[in-house]
>>> print(open('coords.txt').read())   # compact mmCIF, C-alpha atoms and all ligand atoms
# COMPACT_ATOMS: atom_id res chain seq x y z
CA MET A 2 -16.94 25.08 -10.59
CA LEU A 3 -15.13 21.87 -9.77
CA GLU A 4 -11.88 23.47 -10.84
CA GLU A 5 -12.44 26.09 -8.17
CA LEU A 6 -12.90 23.28 -5.63
CA VAL A 7 -9.71 21.59 -6.74
CA VAL A 8 -7.70 24.79 -6.42
CA ARG A 9 -9.15 25.39 -2.98
CA LEU A 10 -8.32 21.83 -1.95
CA ARG A 11 -4.74 22.40 -3.11
CA GLU A 12 -4.40 25.64 -1.19
CA ALA A 13 -6.21 24.69 2.03
CA ARG A 14 -5.41 20.93 1.93
CA ASP A 15 -9.02 20.43 2.99
CA LEU A 16 -12.64 20.99 2.00
CA SER A 17 -15.98 20.52 3.71
CA ASP A 18 -17.61 17.09 3.72
CA ALA A 19 -20.15 18.23 1.13
CA GLU A 20 -17.43 19.56 -1.16
CA LEU A 21 -15.30 16.43 -0.93
CA LEU A 22 -18.36 14.30 -1.66
CA GLN A 23 -19.05 16.43 -4.68
CA LEU A 24 -15.51 15.91 -5.96
CA ILE A 25 -15.71 12.17 -5.35
CA ASP A 26 -19.17 11.79 -6.85
CA GLU A 27 -19.18 13.97 -9.88
CA ASP A 28 -18.30 12.26 -13.10
CA GLN A 29 -15.92 14.99 -14.24
CA ASP A 30 -12.81 14.91 -16.36
CA ILE A 31 -10.01 14.22 -13.87
CA SER A 32 -7.19 15.79 -15.89
CA PHE A 33 -7.25 19.14 -14.04
CA LEU A 34 -7.29 17.35 -10.68
CA ALA A 35 -4.35 15.15 -11.75
CA GLN A 36 -2.45 18.16 -13.04
CA GLN A 37 -2.84 20.02 -9.74
CA ALA A 38 -1.81 16.90 -7.80
CA ASP A 39 1.26 16.53 -10.02
CA LEU A 40 2.15 20.15 -9.33
CA VAL A 41 2.07 19.54 -5.57
CA ARG A 42 4.00 16.32 -5.93
CA ARG A 43 6.71 18.17 -7.88
CA GLU A 44 6.88 20.91 -5.23
CA HIS A 45 7.64 18.31 -2.56
CA TYR A 46 9.41 15.49 -4.37
CA GLY A 47 10.34 16.81 -7.82
CA ILE A 48 10.14 14.02 -10.37
CA ASP A 49 11.61 11.46 -7.97
CA VAL A 50 10.02 8.03 -7.71
CA TYR A 51 11.06 5.75 -4.86
CA VAL A 52 11.20 1.98 -5.16
CA ARG A 53 10.56 -0.58 -2.44
CA GLY A 54 11.57 -4.18 -3.01
CA LEU A 55 8.63 -6.32 -1.91
CA VAL A 56 9.24 -9.76 -0.41
CA GLU A 57 6.01 -11.71 0.03
CA PHE A 58 7.58 -14.15 2.43
CA SER A 59 4.54 -16.23 3.41
CA ASN A 60 0.92 -16.57 2.30
CA ILE A 61 -0.17 -18.41 5.44
CA CYS A 62 -3.05 -16.45 6.97
CA LYS A 63 -5.40 -17.01 9.86
CA ASN A 64 -7.80 -14.34 8.68
CA ASP A 65 -10.71 -14.76 6.34
CA CYS A 66 -11.17 -11.32 4.78
CA LEU A 67 -13.93 -11.69 2.23
CA TYR A 68 -12.05 -9.92 -0.57
CA CYS A 69 -8.69 -11.63 -0.26
CA GLY A 70 -7.44 -14.53 -2.35
CA ILE A 71 -5.15 -15.91 0.36
CA ARG A 72 -7.91 -15.97 2.99
CA ARG A 73 -7.84 -18.98 5.31
CA SER A 74 -10.87 -20.64 3.70
CA ASN A 75 -9.30 -20.76 0.27
CA ALA A 76 -8.17 -24.38 0.19
CA SER A 77 -6.88 -24.15 -3.37
CA VAL A 78 -3.88 -22.05 -2.36
CA GLY A 79 -0.62 -23.91 -1.80
CA ARG A 80 0.71 -22.37 1.39
CA TYR A 81 4.39 -21.45 1.63
CA HIS A 82 6.81 -19.82 4.01
CA LEU A 83 10.31 -18.67 3.15
CA THR A 84 13.23 -19.31 5.46
CA GLU A 85 15.33 -16.50 6.88
CA GLN A 86 18.04 -17.42 4.38
CA GLN A 87 15.61 -17.26 1.46
CA ILE A 88 14.36 -13.87 2.61
CA LEU A 89 17.94 -12.61 2.87
CA GLU A 90 18.61 -13.90 -0.66
CA CYS A 91 15.69 -11.79 -1.93
CA CYS A 92 17.17 -8.73 -0.22
CA ARG A 93 20.59 -9.44 -1.74
CA LEU A 94 19.01 -9.49 -5.17
CA GLY A 95 17.21 -6.26 -4.32
CA TYR A 96 20.39 -4.65 -3.04
CA ALA A 97 22.18 -5.56 -6.28
CA LEU A 98 19.33 -3.83 -8.12
CA ASN A 99 20.07 -0.78 -5.93
CA TYR A 100 16.91 -0.96 -3.86
CA ARG A 101 17.39 0.59 -0.44
CA THR A 102 14.06 -0.32 1.13
CA PHE A 103 12.75 -3.82 1.64
CA VAL A 104 9.13 -4.51 2.46
CA LEU A 105 8.51 -7.83 4.16
CA GLN A 106 4.88 -8.78 3.72
CA SER A 107 2.97 -11.89 4.73
CA GLY A 108 -0.45 -13.14 5.64
CA GLU A 109 -1.38 -12.79 9.28
CA SER A 110 -0.20 -15.86 11.14
CA ALA A 111 1.75 -17.11 14.10
CA TYR A 112 3.89 -19.31 11.87
CA TYR A 113 6.88 -17.08 12.55
CA SER A 114 7.44 -16.24 16.20
CA ASP A 115 8.18 -12.63 17.12
CA GLN A 116 11.69 -13.79 17.84
CA GLN A 117 12.06 -15.11 14.30
CA ILE A 118 10.70 -11.90 12.81
CA CYS A 119 13.14 -9.90 14.92
CA SER A 120 15.99 -12.12 13.86
CA ILE A 121 15.07 -11.64 10.17
CA VAL A 122 14.86 -7.87 10.63
CA SER A 123 18.16 -7.59 12.46
CA SER A 124 19.96 -9.81 9.96
CA ILE A 125 18.80 -7.57 7.12
CA LYS A 126 19.80 -4.41 8.99
CA GLU A 127 23.17 -5.91 9.83
CA GLU A 128 23.94 -6.88 6.26
CA PHE A 129 22.42 -3.72 4.73
CA PRO A 130 22.74 -0.92 7.28
CA ASP A 131 21.94 1.68 4.63
CA CYS A 132 18.53 0.15 3.94
CA ALA A 133 15.12 0.70 5.49
CA VAL A 134 13.06 -2.31 6.52
CA THR A 135 9.30 -2.10 6.28
CA LEU A 136 7.05 -4.73 7.83
CA SER A 137 3.53 -5.59 6.72
CA LEU A 138 2.38 -8.49 8.89
CA GLY A 139 -1.06 -7.35 9.95
CA GLU A 140 -2.51 -6.89 13.41
CA LYS A 141 -0.22 -7.86 16.31
CA PRO A 142 -0.09 -7.18 20.05
CA GLU A 143 1.61 -3.93 21.01
CA GLN A 144 4.56 -5.76 22.54
CA SER A 145 5.28 -7.51 19.25
CA TYR A 146 5.35 -4.16 17.44
CA ARG A 147 7.73 -2.85 20.10
CA ASP A 148 10.02 -5.86 19.63
CA TYR A 149 10.08 -5.43 15.83
CA PHE A 150 10.95 -1.76 16.24
CA ARG A 151 13.74 -2.54 18.67
CA ALA A 152 15.09 -5.13 16.23
CA GLY A 153 15.49 -2.32 13.70
CA ALA A 154 12.32 -2.20 11.62
CA ASP A 155 11.76 1.34 10.36
CA ARG A 156 8.29 1.32 8.86
CA TYR A 157 5.03 -0.59 9.08
CA LEU A 158 2.25 -0.89 6.51
CA LEU A 159 -1.26 -1.70 7.65
CA ARG A 160 -4.12 -0.49 5.51
CA HIS A 161 -7.29 0.34 7.41
CA GLU A 162 -9.20 -0.92 4.30
CA THR A 163 -12.32 1.15 5.11
CA ALA A 164 -12.87 3.67 7.90
CA ASP A 165 -16.58 2.96 8.26
CA SER A 166 -17.14 0.30 10.90
CA ALA A 167 -20.35 -1.08 9.35
CA HIS A 168 -18.63 -1.33 5.97
CA TYR A 169 -15.57 -2.86 7.65
CA ALA A 170 -17.84 -5.57 9.05
CA MET A 171 -19.14 -6.34 5.55
CA LEU A 172 -15.62 -6.96 4.27
CA HIS A 173 -14.25 -8.92 7.22
CA PRO A 174 -15.26 -11.90 9.36
CA SER A 175 -16.81 -11.28 12.75
CA GLY A 176 -13.61 -11.56 14.79
CA MET A 177 -12.10 -8.52 13.11
CA SER A 178 -12.97 -4.91 13.80
CA LEU A 179 -12.10 -1.43 12.64
CA GLY A 180 -11.48 -0.55 16.29
CA ASN A 181 -8.67 -3.05 16.59
CA ARG A 182 -7.18 -1.96 13.28
CA LYS A 183 -7.12 1.64 14.49
CA ARG A 184 -5.63 0.55 17.82
CA CYS A 185 -2.76 -1.07 15.92
CA LEU A 186 -2.17 1.96 13.71
CA PHE A 187 -2.02 4.46 16.55
CA GLN A 188 0.25 2.16 18.57
CA LEU A 189 2.62 1.76 15.63
CA LYS A 190 2.83 5.50 15.31
CA GLU A 191 3.38 5.99 18.99
CA ILE A 192 6.20 3.43 19.02
CA GLY A 193 8.00 5.44 16.37
CA PHE A 194 7.43 3.59 13.12
CA GLN A 195 6.89 5.50 9.91
CA VAL A 196 3.36 4.27 9.35
CA GLY A 197 1.48 3.51 6.17
CA SER A 198 -2.24 3.00 5.93
CA GLY A 199 -4.79 3.10 3.14
CA PHE A 200 -7.88 1.59 1.61
CA MET A 201 -9.30 -0.16 -1.41
CA VAL A 202 -11.40 1.68 -3.96
CA GLY A 203 -14.50 -0.06 -5.28
CA THR A 204 -14.96 -2.76 -2.67
CA PRO A 205 -18.46 -4.28 -2.49
CA TYR A 206 -21.03 -2.00 -0.81
CA GLN A 207 -18.65 0.99 -0.83
CA THR A 208 -20.24 4.43 -1.18
CA SER A 209 -18.67 7.86 -1.54
CA ARG A 210 -19.46 8.49 2.13
CA HIS A 211 -17.13 5.61 2.98
CA LEU A 212 -14.38 7.18 0.88
CA LEU A 213 -14.97 10.47 2.68
CA ALA A 214 -14.61 8.61 5.99
CA ASP A 215 -11.32 7.18 4.71
CA LEU A 216 -10.01 10.68 4.03
CA ARG A 217 -11.14 11.92 7.44
CA PHE A 218 -9.53 8.96 9.20
CA LEU A 219 -6.25 9.56 7.39
CA GLN A 220 -6.35 13.19 8.52
CA GLN A 221 -6.58 11.91 12.07
CA LEU A 222 -3.81 9.36 11.68
CA GLN A 223 -1.47 11.53 9.59
CA PRO A 224 0.39 8.55 8.11
CA ASP A 225 3.67 8.89 6.23
CA MET A 226 2.61 6.43 3.53
CA ILE A 227 -0.84 6.04 1.99
CA GLY A 228 -1.43 2.98 -0.17
CA ILE A 229 -4.64 2.64 -2.10
CA GLY A 230 -5.57 0.17 -4.80
CA THR A 231 -8.54 -0.79 -6.89
CA PHE A 232 -10.61 -3.67 -5.54
CA LEU A 233 -10.26 -6.65 -7.87
CA HIS A 234 -12.26 -9.83 -7.45
CA HIS A 235 -10.67 -13.21 -6.77
CA LYS A 236 -12.41 -16.29 -8.09
CA ASP A 237 -12.18 -18.27 -4.85
CA THR A 238 -13.65 -15.65 -2.52
CA PRO A 239 -17.22 -14.75 -1.50
CA PHE A 240 -16.78 -11.55 -3.56
CA LYS A 241 -16.02 -13.42 -6.78
CA SER A 242 -19.11 -12.06 -8.56
CA PHE A 243 -18.73 -8.44 -7.56
CA PRO A 244 -17.53 -5.99 -10.20
CA ASP A 245 -13.95 -4.74 -10.00
CA GLY A 246 -13.39 -1.18 -8.81
CA SER A 247 -12.89 1.66 -11.25
CA LEU A 248 -9.50 2.88 -12.46
CA GLN A 249 -10.81 6.43 -12.84
CA LEU A 250 -12.08 6.62 -9.28
CA THR A 251 -8.82 5.17 -7.94
CA LEU A 252 -6.83 7.79 -9.84
CA LYS A 253 -9.15 10.50 -8.58
CA MET A 254 -8.61 9.36 -4.99
CA ILE A 255 -4.81 9.35 -5.50
CA SER A 256 -4.97 12.97 -6.66
CA ILE A 257 -7.22 14.01 -3.78
CA LEU A 258 -4.80 12.32 -1.36
CA ARG A 259 -1.82 14.13 -2.87
CA LEU A 260 -3.60 17.47 -2.45
CA MET A 261 -4.61 16.71 1.15
CA PHE A 262 -1.29 15.08 2.15
CA PRO A 263 1.39 16.82 0.06
CA TYR A 264 4.26 15.11 1.87
CA ALA A 265 2.86 11.56 1.71
CA LEU A 266 4.56 8.62 0.07
CA ILE A 267 1.87 7.25 -2.22
CA PRO A 268 2.52 4.10 -4.25
CA ALA A 269 1.22 3.39 -7.73
CA THR A 270 0.20 -0.11 -6.70
CA THR A 271 0.30 -3.49 -8.38
CA ALA A 272 -3.52 -3.46 -8.30
CA LEU A 273 -3.45 -0.31 -10.41
CA GLY A 274 -1.08 -2.02 -12.86
CA THR A 275 -3.49 -4.93 -12.96
CA VAL A 276 -6.66 -2.94 -13.76
CA SER A 277 -4.97 -1.33 -16.73
CA PRO A 278 -1.69 -1.97 -18.60
CA PHE A 279 -0.61 1.63 -17.95
CA GLY A 280 -2.35 1.99 -14.60
CA ARG A 281 0.85 2.58 -12.65
CA GLU A 282 2.01 5.30 -15.06
CA MET A 283 -1.39 6.94 -14.72
CA GLY A 284 -1.04 6.65 -10.95
CA LEU A 285 2.30 8.47 -11.05
CA LYS A 286 0.82 11.23 -13.20
CA ALA A 287 -2.08 11.52 -10.76
CA GLY A 288 0.24 12.17 -7.81
CA ALA A 289 1.78 8.84 -6.76
CA ASN A 290 5.55 8.76 -6.09
CA VAL A 291 6.41 5.20 -5.04
CA LEU A 292 6.61 1.81 -6.79
CA MET A 293 6.84 -1.57 -5.12
CA PRO A 294 8.50 -4.10 -7.43
CA ASN A 295 8.29 -7.71 -6.42
CA LEU A 296 11.42 -9.49 -5.17
CA SER A 297 9.76 -12.74 -4.12
CA PRO A 298 11.21 -15.95 -5.58
CA LEU A 299 9.48 -16.82 -8.87
CA GLU A 300 8.32 -20.20 -7.51
CA VAL A 301 6.06 -18.62 -4.93
CA ARG A 302 4.73 -15.59 -6.78
CA SER A 303 1.68 -17.33 -8.18
CA GLN A 304 0.74 -18.39 -4.66
CA TYR A 305 0.43 -14.84 -3.39
CA LEU A 306 -2.59 -13.88 -5.44
CA LEU A 307 -4.78 -11.48 -3.49
CA TYR A 308 -6.92 -11.02 -6.64
CA ASP A 309 -7.20 -12.54 -10.12
CA ASN A 310 -4.81 -11.64 -12.97
CA LYS A 311 -2.15 -10.09 -10.73
CA ILE A 312 0.75 -8.80 -12.82
CA CYS A 313 4.45 -9.65 -12.43
CA THR A 314 3.92 -13.26 -11.38
CA ALA A 315 6.20 -14.61 -14.12
CA GLU A 316 8.85 -11.86 -14.17
CA SER A 317 12.07 -12.09 -12.19
CA GLY A 318 13.16 -9.34 -9.82
CA SER A 319 15.51 -7.92 -12.43
CA ALA A 320 12.87 -8.07 -15.17
CA CYS A 321 10.57 -5.95 -13.02
CA ALA A 322 13.41 -3.54 -12.25
CA ASN A 323 14.05 -3.01 -15.97
CA CYS A 324 10.40 -2.74 -16.81
CA LEU A 325 9.80 -0.14 -14.12
CA HIS A 326 12.84 1.88 -15.07
CA ASN A 327 11.45 2.29 -18.60
CA ARG A 328 7.90 2.89 -17.48
CA VAL A 329 8.90 5.64 -15.06
CA LYS A 330 11.12 7.32 -17.64
CA ASN A 331 8.40 7.22 -20.27
CA ALA A 332 5.95 8.75 -17.83
CA GLY A 333 8.35 11.69 -17.30
CA TYR A 334 9.72 10.81 -13.87
CA GLN A 335 12.95 9.37 -12.50
CA ILE A 336 13.65 6.47 -10.18
CA VAL A 337 15.95 7.38 -7.30
CA MET A 338 17.89 4.74 -5.49
CA ASP A 339 17.79 5.70 -1.85
CA ARG A 340 15.73 4.89 1.21
CA GLY A 341 13.15 7.42 0.20
CA ASP A 342 12.12 8.63 3.63
CA VAL A 343 9.15 10.92 4.02
CA ARG A 344 9.89 14.65 3.51
CA LYS A 345 7.72 16.38 6.04
N1 LIG B 1 -8.30 -6.47 -4.49
C1 LIG B 1 -7.50 -5.42 -4.30
N2 LIG B 1 -6.68 -5.27 -3.24
C2 LIG B 1 -6.68 -6.28 -2.34
N3 LIG B 1 -6.01 -6.41 -1.20
C3 LIG B 1 -6.34 -7.60 -0.64
N4 LIG B 1 -7.23 -8.23 -1.42
C4 LIG B 1 -7.47 -7.42 -2.48
C5 LIG B 1 -8.32 -7.50 -3.61
N5 LIG B 1 -9.12 -8.55 -3.81
C6 LIG B 1 -5.15 -5.37 -0.64
C7 LIG B 1 -5.59 -4.98 0.77
C8 LIG B 1 -4.37 -5.32 1.61
C9 LIG B 1 -3.25 -5.26 0.60
C10 LIG B 1 -2.04 -6.02 0.97
O1 LIG B 1 -3.82 -5.79 -0.57
O2 LIG B 1 -5.87 -3.59 0.82
O3 LIG B 1 -4.16 -4.43 2.67
FE1 LIG B 2 7.07 -6.45 -13.17
FE2 LIG B 2 6.75 -4.68 -15.27
S1 LIG B 2 7.07 -4.31 -13.18
S2 LIG B 2 7.03 -6.86 -15.30
>>> encode(input="coords.txt", output="structure tokens", more="lines below")
Ligand code: 5AD
Ligand code: FES
Amino acid sequence: MLEELVVRLREARDLSDAELLQLIDEDQDISFLAQQADLVRREHYGIDVYVRGLVEFSNICKNDCLYCGIRRSNASVGRYHLTEQQILECCRLGYALNYRTFVLQSGESAYYSDQQICSIVSSIKEEFPDCAVTLSLGEKPEQSYRDYFRAGADRYLLRHETADSAHYAMLHPSGMSLGNRKRCLFQLKEIGFQVGSGFMVGTPYQTSRHLLADLRFLQQLQPDMIGIGTFLHHKDTPFKSFPDGSLQLTLKMISILRLMFPYALIPATTALGTVSPFGREMGLKAGANVLMPNLSPLEVRSQYLLYDNKICTAESGSACANCLHNRVKNAGYQIVMDRGDVRK
């Protein structure tokens, strides 16, 4: 019965609310779902896996998201900010490792002016014209997004986290709203960025109806990239006693996403690699086609802990590159060294 649903989801790229809820809820073996998702992934992307070099350039954040380890209220985090030169050094290392996309991610703060961000972006584009630059700096005014785009940024990542506004309010402090998050996402799209959004699986108070809402919102947004990860607790947050999300449910959501959004760039995230030693390989086999190895300087990696036990905090950029190369090969896929733009 569920197999019939999965086949129909693959063919129609959609199901009714009730049917999607059934898929999400039922405790079935996910191997058929993963196999169908892998089929679709191969139709669109073959066995290619794209890599994005991730530079976590500052953990300074003005927000206080209840799930996040670098939230403002966490006084035990040593705050850091890399200089433009340090960020460029990370990209040079990444370029030598043949990465052709750099993702600049930070907490949300006004530490860097828009002018500084633009200067960082244009320096990278000048030195590496064959590379894509992705920004992930959170919610900003529309004009800032326009400036970043004009400076040469190609893509922007901003997960919506949950598409249910009541649930959103349970995960975030009162100043933040789903409405504003959506405003940002639609503006980014309108400006011309390739946009990535996504959500966490297994956050406190999450129900399958919330996950359904996430899928429906993504259908509205039609993002190029969809990043999802398992919720993992962090010891210095209000959610420290909540159970971690489930690997199985995260994998199931990856497969459903691949069937609904065949063209999407879907990463097998660090969170997935943290829930299970082979979580990222399982993510690839469930339909994911992107990996985001860390390029941040070793000295700062342990200060960018969004959740406990994050992997790759002691490995250098080249160690991660080697590790991923082997993991991808063993899983039956192949890393390709290009920008990895969306194939719509
Ligand atoms: N567990 C899992 N993912 C998290 N993120 C932030 N905190 C956590 C956590 N505790 C995710 C959010 C954010 C991305 C950068 O990391 O979805 O958008
Ligand atoms: Fe970083 Fe494996 S990817 S050590």
>>> residues_around(input="coords.txt", residues="Leu213 (chain A)", least_positions_apart="5", cutoff="9 Å", atoms="all atoms listed in the file", output="list in words")
Asp18, Leu21, Leu22, Ile25, Ala164, Thr208 and Phe218 of chain A
>>> write_last_selection(input="coords.txt", atoms="C-alpha atoms", output="short mmCIF file (atom, residue, chain, number, x, y, z; two decimals), in the frame of the given file")
data_model
loop_
_atom_site.label_atom_id
_atom_site.label_comp_id
_atom_site.auth_asym_id
_atom_site.auth_seq_id
_atom_site.Cartn_x
_atom_site.Cartn_y
_atom_site.Cartn_z
CA ASP A 18 -17.61 17.09 3.72
CA LEU A 21 -15.30 16.43 -0.93
CA LEU A 22 -18.36 14.30 -1.66
CA ILE A 25 -15.71 12.17 -5.35
CA ALA A 164 -12.87 3.67 7.90
CA THR A 208 -20.24 4.43 -1.18
CA PHE A 218 -9.53 8.96 9.20
#
>>> residues_around(input="coords.txt", residues="Ala322 (chain A)", least_positions_apart="2", cutoff="12 Å", atoms="only C-alpha atoms", output="ChimeraX atom specification")
/A:52-55,94-100,292-296,313,316-320,324-329,336,338
>>> closest_residue(input="coords.txt", among="A:Leu212, A:Val78, A:Leu252, A:Val301", to="Glu282 (chain A)", atoms="all atoms listed in the file")
A:Leu252
>>> closest_residue(input="coords.txt", among="A:Leu105, A:Ala265, A:Ile192, A:Val276", to="Ser247 (chain A)", atoms="all atoms listed in the file")
A:Val276
>>> residues_near_ligand(input="coords.txt", ligand="ligand LIG 1 (chain B)", cutoff="10 Å", atoms="all atoms listed in the file", output="PyMOL selection string")
chain A and resi 57+66-72+106-108+137-139+158-163+198-204+228-236+238+240-241+245-246+270-273+275-276+306-309+311
>>> atom_distance(input="coords.txt", atom1="CA of Leu250 (chain A)", atom2="CA of Ser166 (chain A)")
21.7 Å
>>> residues_near_point(input="coords.txt", point="(-10.2, 16.8, -5.6)", cutoff="8 Å", atoms="all atoms listed in the file", output="list of chain:residue names")
A:Leu6, A:Val7, A:Leu10, A:Leu21, A:Leu24, A:Ile25, A:Leu34, A:Lys253, A:Met254, A:Ser256, A:Ile257, A:Leu260
>>> closest_residue(input="coords.txt", among="A:Arg340, A:His211, A:Lys286, A:Arg281", to="ligand LIG 2 (chain B)", atoms="only C-alpha atoms and all ligand atoms")
A:Arg281
>>> closest_residue(input="coords.txt", among="A:Ala133, A:Val50, A:Leu189, A:Ala13", to="Leu285 (chain A)", atoms="only C-alpha atoms")
A:Val50
>>> atom_distance(input="coords.txt", atom1="CA of Asn181 (chain A)", atom2="CA of Pro205 (chain A)")
21.5 Å
>>> residues_around(input="coords.txt", residues="Asp65 (chain A)", least_positions_apart="4", cutoff="12 Å", atoms="only C-alpha atoms", output="ChimeraX atom specification")
/A:61,69-76,108-110,170-177,237-239,307
